[in-house]
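Visitor: Got a structure here, written out as structure tokens. Questions coming.
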Amino acid sequence: MCGWIMLWTAAVCLCLCVCSLAGPIPVHRGVSEHSKLLLVSFDGFRWDYDRDVDTPHLDAMAKDGVKATYVTPAFLTVTSPTHFTILTGKYIENHGVIHNMWFNSSTWEKKSYYKSQFVNEWWDNGSLPIWITAQRQGLKAGSLHFPGTASTYQGESAVVREVEPENYNYSNETAWQENIDKVMKSWFREQDLDFVSMYFGEPDSTGHKYGPDSPQRRTMVQQVDRTVGYLRSAAEKNGLSERLNIIITADHGMSTVYRNGLVDEIILSKIPGFSFRDLDFHIVDFGPAGLLLPKEGRLDKVFNALKGAHPHLHVYKKEEIPAHLHYSHNDRILPIILWADPGYVINGYFPVQFHKGEHGYDNQALDMKPFFRATGPDFQKNLEVGPFETVNIYPLMCHLLKITPEPNDGHLNATRHMLTSSIQTENEGSSGDDILSSVFIGLGSVAGFLVIVFVVLLSRGIHKRRRNKSRSTDEGEIDKCHTETKQTTF
Ligand SMILES: [Zn+2]
């Protein structure tokens, strides 16, 4: 009797310990089991650009894989910040690349989008893009023209990389095909890279220049569509189809700008009570959003002058910005943030830029939502899914590559349903939720253990009392039980 209780208790304790250890604690399962992954961004490809153009190759990709209705980018909806969100899974306030431009508010120095790519400390400020995380876990990563490629992170960069040349011709279809051939043949097949990110600067440029509703934009979407077809046949030609997952998405959408007297334009210098002399530094005249640094003691004056001054201008103090924008908790973000409603831009002294299309608006605006397609051995086929935030692309990519993600703002649960059942439930790495559930399982095990100890001690006590009663009648049996008790310790 006494012996089997001890044995049973030991077995239950062992089971509980094993269960708590085998839960969601990250396990790196070796690099040989995962498929390769290609991440492609077509800058500014709005979610609905396939609605007024024939896109046979994008349609075929949706049939062979997964299509999301749209995805929601991070705010500020501009190129470098939103691409770095895709690479890190973090909202912009958490990864620190808060604007397309690098700036120094003390010296008034500003660097353009292109020059900012080479300011290392702007990008390398604590967050690791997926290239570095993959390489540190034994994988080989590459990047072609993707924003952030030029920088190093804690001294490391993608092992194979090609930085976009200055004044690059974004729309050259032949160059697009050559780059695809290079990635498929040289990088994936010959150099056996596991992960590559690839960037195309269209249809963003055409959308800015001619507007998202223009025939030029529709023509460019056809070029993107042909390129998607070229890319998939290049994968096939290089024998990669069965082991290459492909994710195609974008950084933001595009919205038509109203001009030529159609609307009451937002011109800050014309707003009563507002003066640029009250500012130490500002970033305006770069589309629909602006950042202001008022002089000491003048924050409320500037804020009160601008707040409510134009029906399509949103004015917020940094700490009061709506939570869904996640654009507050970073020292680089200036104390006052402005953004306009779709259709408007923010001008300083007078209108200086004349794009017909713009982005940078609130990420809830439908025009700001990019498209999303995914295909490959780990994705379901012919599946359309609802919208999700682009912070979730990073944990998805880490799961596909079977690497443990860095702390991030996304979660695999947002995309898990896109995956085939064989990979859907595998370990996803150490997100905060997993650590929490591990802690709960661990605590549960300890509690279970204590209950069992209590039950065993109780039964021992009962047994002892019975033994004392029957000591005179069965000495031999008691000795046997006593010996067994000694052999099992807790
Ligand atoms: Zn962009």
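Identifiers in this document derive from the order of the structure tokens: chains are assigned A, B, ..., residues are numbered from 1 separately in each chain, and ligands are numbered from 1 in order of occurrence.
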How would you write, as an mmCIF file with C-alpha atoms, in the first residue's frame, the set of residues no farther than 10 Å from ligand 1 when counting only C-alpha atoms and all ligand atoms?
Guide:
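Once written, selection.cif looks like this:
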data_model
loop_
_atom_site.group_PDB
_atom_site.id
_atom_site.type_symbol
_atom_site.label_atom_id
_atom_site.label_comp_id
_atom_site.auth_asym_id
_atom_site.auth_seq_id
_atom_site.Cartn_x
_atom_site.Cartn_y
_atom_site.Cartn_z
ATOM 1 C CA SER A 41 7.987 44.780 -50.819
ATOM 2 C CA PHE A 42 6.454 46.750 -53.670
ATOM 3 C CA ASP A 43 6.517 50.243 -52.200
ATOM 4 C CA GLY A 44 3.116 51.892 -51.913
ATOM 5 C CA PHE A 45 1.071 48.997 -53.367
ATOM 6 C CA THR A 77 2.762 55.551 -42.729
ATOM 7 C CA VAL A 78 5.997 56.387 -44.547
ATOM 8 C CA THR A 79 8.645 54.177 -46.117
ATOM 9 C CA SER A 80 11.618 53.700 -43.757
ATOM 10 C CA PRO A 81 9.614 53.518 -40.503
ATOM 11 C CA THR A 82 6.999 51.054 -41.854
ATOM 12 C CA HIS A 83 9.608 48.837 -43.524
ATOM 13 C CA ASN A 100 11.972 58.929 -43.434
ATOM 14 C CA PRO A 147 15.192 49.952 -46.539
ATOM 15 C CA PHE A 200 10.971 47.578 -55.471
ATOM 16 C CA GLY A 201 10.335 51.347 -55.414
ATOM 17 C CA GLU A 202 7.107 51.080 -57.435
ATOM 18 C CA PRO A 203 4.180 51.680 -57.657
ATOM 19 C CA ASP A 204 4.975 54.352 -55.020
ATOM 20 C CA SER A 205 6.827 56.727 -57.359
ATOM 21 C CA ALA A 250 4.095 46.769 -49.068
ATOM 22 C CA ASP A 251 4.860 49.512 -46.576
ATOM 23 C CA HIS A 252 1.753 51.732 -46.996
ATOM 24 C CA GLY A 253 -0.900 52.731 -49.523
ATOM 25 C CA MET A 254 -1.564 55.988 -51.378
ATOM 26 C CA GLU A 358 0.502 61.002 -50.805
ATOM 27 C CA HIS A 359 0.861 58.694 -47.804
ATOM 28 C CA GLY A 360 1.710 59.341 -44.164
#
Visitor: Lys295 of chain A: which residues within 12 Å, counting only C-alpha atoms, same-chain residues fewer than 4 positions away excluded, as a PyMOL selection string?
Guide: chain A and resi 105-106+275-282+299-303+334-336
Visitor: Restricted to C-alpha atoms, what would the selected residues look like written as a PDB file, in the first residue's frame?
Guide:
ATOM      1  CA  SER A 105      16.805  69.329 -33.868  1.00  0.00           C
ATOM      2  CA  SER A 106      19.734  71.231 -32.266  1.00  0.00           C
ATOM      3  CA  SER A 275       4.267  81.649 -35.664  1.00  0.00           C
ATOM      4  CA  PHE A 276       7.331  79.709 -36.769  1.00  0.00           C
ATOM      5  CA  ARG A 277       9.250  82.068 -34.425  1.00  0.00           C
ATOM      6  CA  ASP A 278       7.792  80.059 -31.516  1.00  0.00           C
ATOM      7  CA  LEU A 279       9.558  76.917 -32.722  1.00  0.00           C
ATOM      8  CA  ASP A 280      13.083  75.652 -32.088  1.00  0.00           C
ATOM      9  CA  PHE A 281      12.761  73.105 -34.913  1.00  0.00           C
ATOM     10  CA  HIS A 282      10.160  71.609 -37.233  1.00  0.00           C
ATOM     11  CA  LEU A 299       4.348  74.503 -26.185  1.00  0.00           C
ATOM     12  CA  ASP A 300       0.830  75.417 -25.069  1.00  0.00           C
ATOM     13  CA  LYS A 301       0.834  78.598 -27.161  1.00  0.00           C
ATOM     14  CA  VAL A 302       1.736  76.666 -30.305  1.00  0.00           C
ATOM     15  CA  PHE A 303      -0.628  73.812 -29.489  1.00  0.00           C
ATOM     16  CA  LEU A 334       9.008  65.805 -31.193  1.00  0.00           C
ATOM     17  CA  PRO A 335       6.518  67.265 -28.640  1.00  0.00           C
ATOM     18  CA  ILE A 336       3.778  68.217 -31.160  1.00  0.00           C
TER      19      ILE A 336
END
Visitor: Between A:Glu389, A:Leu383, A:Leu412, A:Leu325, which is the closest to Lys369 of chain A once you count only C-alpha atoms?
Guide: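 Between A:Glu389, A:Leu383, A:Leu412, A:Leu325, the residue approaching Lys369 of chain A most closely is A:Glu389.
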Visitor: What's around Val183 of chain A at 10 Å? Count only C-alpha atoms, leave out sequence neighbours fewer than 2 positions away in its own chain, and write the answer as JSON, numbers by chain.
Guide: {"A": [38, 142, 143, 144, 177, 178, 179, 180, 181, 185, 186, 187, 188, 189, 190, 191, 193, 196, 197, 198, 231, 234, 235]}
Visitor: Hey, can you spit out that residue selection with C-alpha atoms as a tab-separated table (two decimals), in the first residue's frame?
Guide:
chain	number	residue	atom	x	y	z
A	38	LEU	CA	11.61	35.48	-49.70
A	142	GLY	CA	20.47	38.50	-47.78
A	143	SER	CA	18.84	41.80	-48.71
A	144	LEU	CA	18.46	43.65	-51.97
A	177	GLN	CA	14.07	40.88	-63.69
A	178	GLU	CA	17.88	40.89	-63.42
A	179	ASN	CA	17.60	41.38	-59.66
A	180	ILE	CA	15.11	38.52	-59.41
A	181	ASP	CA	17.45	36.24	-61.38
A	185	LYS	CA	19.96	31.75	-58.94
A	186	SER	CA	22.96	33.20	-57.13
A	187	TRP	CA	21.64	33.92	-53.65
A	188	PHE	CA	19.10	31.16	-53.01
A	189	ARG	CA	20.36	28.33	-55.24
A	190	GLU	CA	24.14	28.76	-55.40
A	191	GLN	CA	24.87	30.51	-52.07
A	193	LEU	CA	20.66	31.63	-48.43
A	196	VAL	CA	16.14	37.24	-48.55
A	197	SER	CA	14.31	40.56	-48.45
A	198	MET	CA	13.83	42.40	-51.71
A	231	LEU	CA	9.48	35.89	-59.88
A	234	ALA	CA	12.23	32.08	-61.73
A	235	ALA	CA	11.71	30.16	-58.48
Visitor: May I have the residues within 9 Å of Leu401 of chain A as a PDB file with N, CA and C atoms, in the first residue's frame, using only C-alpha atoms and disregarding those fewer than 6 positions away in the same chain?
Guide:
ATOM      1  N   VAL A  31      18.668  24.028 -38.365  1.00  0.00           N
ATOM      2  CA  VAL A  31      18.393  24.867 -39.524  1.00  0.00           C
ATOM      3  C   VAL A  31      17.973  24.059 -40.758  1.00  0.00           C
ATOM      4  N   GLU A  33      15.475  21.961 -41.193  1.00  0.00           N
ATOM      5  CA  GLU A  33      14.077  21.562 -41.356  1.00  0.00           C
ATOM      6  C   GLU A  33      13.197  22.633 -41.991  1.00  0.00           C
ATOM      7  N   HIS A  34      13.629  23.870 -42.043  1.00  0.00           N
ATOM      8  CA  HIS A  34      12.746  24.939 -42.483  1.00  0.00           C
ATOM      9  C   HIS A  34      12.823  25.146 -44.002  1.00  0.00           C
ATOM     10  N   SER A  35      11.753  25.769 -44.546  1.00  0.00           N
ATOM     11  CA  SER A  35      11.791  26.186 -45.949  1.00  0.00           C
ATOM     12  C   SER A  35      12.538  27.511 -46.040  1.00  0.00           C
ATOM     13  N   LYS A  36      12.960  27.858 -47.240  1.00  0.00           N
ATOM     14  CA  LYS A  36      13.557  29.177 -47.447  1.00  0.00           C
ATOM     15  C   LYS A  36      12.426  30.212 -47.495  1.00  0.00           C
ATOM     16  N   LEU A  37      12.791  31.479 -47.340  1.00  0.00           N
ATOM     17  CA  LEU A  37      11.767  32.532 -47.319  1.00  0.00           C
ATOM     18  C   LEU A  37      12.239  33.760 -48.095  1.00  0.00           C
ATOM     19  N   ALA A 134      18.324  35.991 -37.707  1.00  0.00           N
ATOM     20  CA  ALA A 134      18.455  34.724 -38.455  1.00  0.00           C
ATOM     21  C   ALA A 134      19.920  34.277 -38.487  1.00  0.00           C
ATOM     22  N   LEU A 139      21.447  30.814 -39.635  1.00  0.00           N
ATOM     23  CA  LEU A 139      20.916  30.913 -40.998  1.00  0.00           C
ATOM     24  C   LEU A 139      21.716  31.927 -41.811  1.00  0.00           C
ATOM     25  N   ASP A 194      19.014  31.349 -46.687  1.00  0.00           N
ATOM     26  CA  ASP A 194      17.741  30.897 -46.112  1.00  0.00           C
ATOM     27  C   ASP A 194      16.660  31.962 -46.221  1.00  0.00           C
ATOM     28  N   PHE A 195      17.078  33.233 -46.128  1.00  0.00           N
ATOM     29  CA  PHE A 195      16.107  34.329 -46.119  1.00  0.00           C
ATOM     30  C   PHE A 195      16.644  35.503 -46.937  1.00  0.00           C
TER      31      PHE A 195
END
Visitor: Using DSSP assignments from the backbone, pull out every residue in segment 40-279 of chain A that falls under alpha helix (DSSP H) and give it to me as number ranges by chain.
Guide: A: 56-64, 79-88, 92-95, 113-116, 120-123, 130-136, 173-181, 204-210, 215-237
Visitor: Which residues are near Ile423 of chain A? Cut-off 8 Å, only C-alpha atoms, ignore same chain within fewer than 3 positions. Put them as a list in words.
Guide: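 Listed by chain and then number, they are Asp378, Leu400, Leu419, Thr420 and Glu426 of chain A.
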Visitor: Could you tell me how far atom CA of Val119 of chain A sits from atom CA of Thr149 of chain A, in Å to one decimal place?
Guide: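 Atom CA of Val119 of chain A lies 11.3 Å from atom CA of Thr149 of chain A.
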Visitor: Using only C-alpha atoms, which protein or nucleic acid residues come within 12 Å of Asn330 of chain A? Drop anything in the same chain fewer than 5 positions from it, and give the result as a ChimeraX atom specification.
Guide: /A:91-99,125,318-319,335
Visitor: Could you please take those selected residues and save C-alpha atoms as a PDB file, in the first residue's frame?
Guide:
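Here's the written file out_14.pdb:
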ATOM      1  CA  TYR A  91       5.692  49.673 -33.672  1.00  0.00           C
ATOM      2  CA  ILE A  92       7.628  52.747 -34.749  1.00  0.00           C
ATOM      3  CA  GLU A  93       7.842  54.224 -31.236  1.00  0.00           C
ATOM      4  CA  ASN A  94       9.531  50.980 -30.187  1.00  0.00           C
ATOM      5  CA  HIS A  95      12.046  50.602 -33.024  1.00  0.00           C
ATOM      6  CA  GLY A  96      13.068  54.266 -33.222  1.00  0.00           C
ATOM      7  CA  VAL A  97      13.202  54.861 -36.995  1.00  0.00           C
ATOM      8  CA  ILE A  98      10.509  57.492 -36.545  1.00  0.00           C
ATOM      9  CA  HIS A  99      10.720  59.324 -39.882  1.00  0.00           C
ATOM     10  CA  ASN A 125      19.364  52.001 -31.960  1.00  0.00           C
ATOM     11  CA  LYS A 318       3.099  63.711 -28.068  1.00  0.00           C
ATOM     12  CA  GLU A 319       1.841  62.184 -24.813  1.00  0.00           C
ATOM     13  CA  PRO A 335       6.518  67.265 -28.640  1.00  0.00           C
TER      14      PRO A 335
END
Visitor: Going by DSSP on the backbone, which bits of segment 116-336 of chain A are strand (DSSP E or B)? Write them as number ranges by chain, please.
Guide: A: 141-144, 153, 156, 160-162, 195-200, 244-249, 255-256, 266-267, 279-283, 289-294, 313-317, 336
Visitor: Those residues you just picked out, can you put them in a file as a short mmCIF file (atom, residue, chain, number, x, y, z; two decimals), in the first residue's frame with N, CA and C atoms?
Guide:
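Result saved to part08.cif:
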data_model
loop_
_atom_site.label_atom_id
_atom_site.label_comp_id
_atom_site.auth_asym_id
_atom_site.auth_seq_id
_atom_site.Cartn_x
_atom_site.Cartn_y
_atom_site.Cartn_z
N ALA A 141 21.34 35.12 -44.42
CA ALA A 141 20.34 36.10 -44.86
C ALA A 141 20.92 37.05 -45.90
N GLY A 142 20.06 37.53 -46.77
CA GLY A 142 20.47 38.50 -47.78
C GLY A 142 19.41 39.58 -47.92
N SER A 143 19.80 40.72 -48.49
CA SER A 143 18.84 41.80 -48.71
C SER A 143 19.22 42.62 -49.93
N LEU A 144 18.24 42.85 -50.76
CA LEU A 144 18.46 43.65 -51.97
C LEU A 144 17.57 44.88 -51.94
N TYR A 153 24.00 46.54 -37.67
CA TYR A 153 23.29 46.44 -36.40
C TYR A 153 24.19 45.71 -35.42
N GLU A 156 26.82 44.13 -37.26
CA GLU A 156 26.53 43.10 -38.26
C GLU A 156 25.57 43.62 -39.32
N VAL A 160 24.78 38.77 -47.26
CA VAL A 160 24.83 39.15 -48.67
C VAL A 160 23.89 40.34 -48.82
N ARG A 161 24.38 41.44 -49.34
CA ARG A 161 23.48 42.59 -49.45
C ARG A 161 23.85 43.46 -50.65
N GLU A 162 22.82 44.10 -51.17
CA GLU A 162 23.03 45.06 -52.24
C GLU A 162 22.25 46.32 -51.90
N PHE A 195 17.08 33.23 -46.13
CA PHE A 195 16.11 34.33 -46.12
C PHE A 195 16.64 35.50 -46.94
N VAL A 196 15.78 36.06 -47.78
CA VAL A 196 16.14 37.24 -48.55
C VAL A 196 14.98 38.24 -48.51
N SER A 197 15.31 39.50 -48.30
CA SER A 197 14.31 40.56 -48.45
C SER A 197 14.66 41.37 -49.69
N MET A 198 13.62 41.76 -50.41
CA MET A 198 13.83 42.40 -51.71
C MET A 198 12.84 43.56 -51.85
N TYR A 199 13.32 44.68 -52.38
CA TYR A 199 12.49 45.89 -52.42
C TYR A 199 12.41 46.46 -53.83
N PHE A 200 11.19 46.87 -54.20
CA PHE A 200 10.97 47.58 -55.47
C PHE A 200 10.31 48.93 -55.14
N LEU A 244 10.47 27.03 -51.10
CA LEU A 244 10.56 28.49 -50.92
C LEU A 244 9.19 29.08 -50.62
N ASN A 245 9.05 29.69 -49.45
CA ASN A 245 7.87 30.49 -49.15
C ASN A 245 8.11 31.90 -49.64
N ILE A 246 7.06 32.51 -50.22
CA ILE A 246 7.18 33.87 -50.72
C ILE A 246 6.09 34.74 -50.08
N ILE A 247 6.50 35.83 -49.46
CA ILE A 247 5.55 36.82 -48.92
C ILE A 247 5.73 38.10 -49.74
N ILE A 248 4.64 38.60 -50.30
CA ILE A 248 4.70 39.87 -51.05
C ILE A 248 3.75 40.86 -50.38
N THR A 249 4.29 42.01 -50.00
CA THR A 249 3.47 43.01 -49.33
C THR A 249 4.03 44.40 -49.63
N SER A 255 -2.99 57.96 -51.32
CA SER A 255 -4.26 58.67 -51.36
C SER A 255 -4.14 59.88 -52.30
N THR A 256 -5.21 60.17 -53.02
CA THR A 256 -5.21 61.32 -53.94
C THR A 256 -5.17 62.63 -53.15
N ILE A 266 -4.09 73.37 -46.11
CA ILE A 266 -3.54 73.63 -44.78
C ILE A 266 -2.20 74.34 -44.94
N ILE A 267 -2.17 75.62 -44.55
CA ILE A 267 -0.91 76.40 -44.61
C ILE A 267 -0.69 76.98 -43.21
N LEU A 279 9.01 78.27 -32.62
CA LEU A 279 9.56 76.92 -32.72
C LEU A 279 11.08 76.92 -32.68
N ASP A 280 11.63 75.88 -32.03
CA ASP A 280 13.08 75.65 -32.09
C ASP A 280 13.44 74.83 -33.33
N PHE A 281 12.49 73.99 -33.77
CA PHE A 281 12.76 73.11 -34.91
C PHE A 281 11.43 72.55 -35.42
N HIS A 282 11.38 72.23 -36.70
CA HIS A 282 10.16 71.61 -37.23
C HIS A 282 10.47 70.75 -38.45
N ILE A 283 9.58 69.79 -38.70
CA ILE A 283 9.60 69.03 -39.95
C ILE A 283 8.20 69.16 -40.55
N ALA A 289 2.07 64.74 -42.74
CA ALA A 289 2.37 64.77 -41.31
C ALA A 289 3.49 65.75 -41.02
N GLY A 290 3.54 66.23 -39.79
CA GLY A 290 4.59 67.15 -39.39
C GLY A 290 4.95 66.98 -37.92
N LEU A 291 6.16 67.39 -37.57
CA LEU A 291 6.63 67.33 -36.18
C LEU A 291 7.14 68.71 -35.79
N LEU A 292 6.76 69.17 -34.59
CA LEU A 292 7.16 70.51 -34.15
C LEU A 292 7.84 70.45 -32.79
N LEU A 293 8.92 71.23 -32.65
CA LEU A 293 9.58 71.40 -31.36
C LEU A 293 9.45 72.86 -30.95
N PRO A 294 8.47 73.18 -30.08
CA PRO A 294 8.31 74.58 -29.66
C PRO A 294 9.46 75.04 -28.78
N LEU A 313 -7.04 69.16 -40.06
CA LEU A 313 -5.71 69.09 -39.44
C LEU A 313 -5.83 68.53 -38.03
N HIS A 314 -5.09 67.44 -37.76
CA HIS A 314 -5.07 66.85 -36.42
C HIS A 314 -3.81 67.32 -35.70
N VAL A 315 -4.00 67.81 -34.47
CA VAL A 315 -2.89 68.36 -33.70
C VAL A 315 -2.86 67.66 -32.35
N TYR A 316 -1.75 67.07 -32.01
CA TYR A 316 -1.65 66.35 -30.74
C TYR A 316 -0.34 66.65 -30.04
N LYS A 317 -0.42 66.75 -28.71
CA LYS A 317 0.81 66.70 -27.91
C LYS A 317 1.24 65.24 -27.91
N ILE A 336 5.09 68.05 -30.51
CA ILE A 336 3.78 68.22 -31.16
C ILE A 336 3.78 67.47 -32.50
#
Visitor: Rounded to one decimal, what separation in Å do you get between atom CA of Ala305 of chain A and atom CA of Ile321 of chain A?
Guide: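 Rounded to one decimal, the two atoms are 17.4 Å apart.
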Visitor: One number please: atom CA of Ala62 of chain A to atom CA of Arg373 of chain A, in Å, one decimal.
Guide: 6.5 Å
Visitor: A:Thr133, A:Asn413, A:Ser157, A:Thr85: which is nearest Phe388 of chain A, counting only C-alpha atoms?
Guide: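 Smallest distance to Phe388 of chain A is found for A:Asn413.
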Visitor: Write out as JSON, numbers by chain each polymer residue whose atoms come within 7 Å of His57 of chain A, counting only C-alpha atoms; drop sequence neighbours fewer than 5 positions from it.
Guide: {"A": [225, 226, 228, 229]}
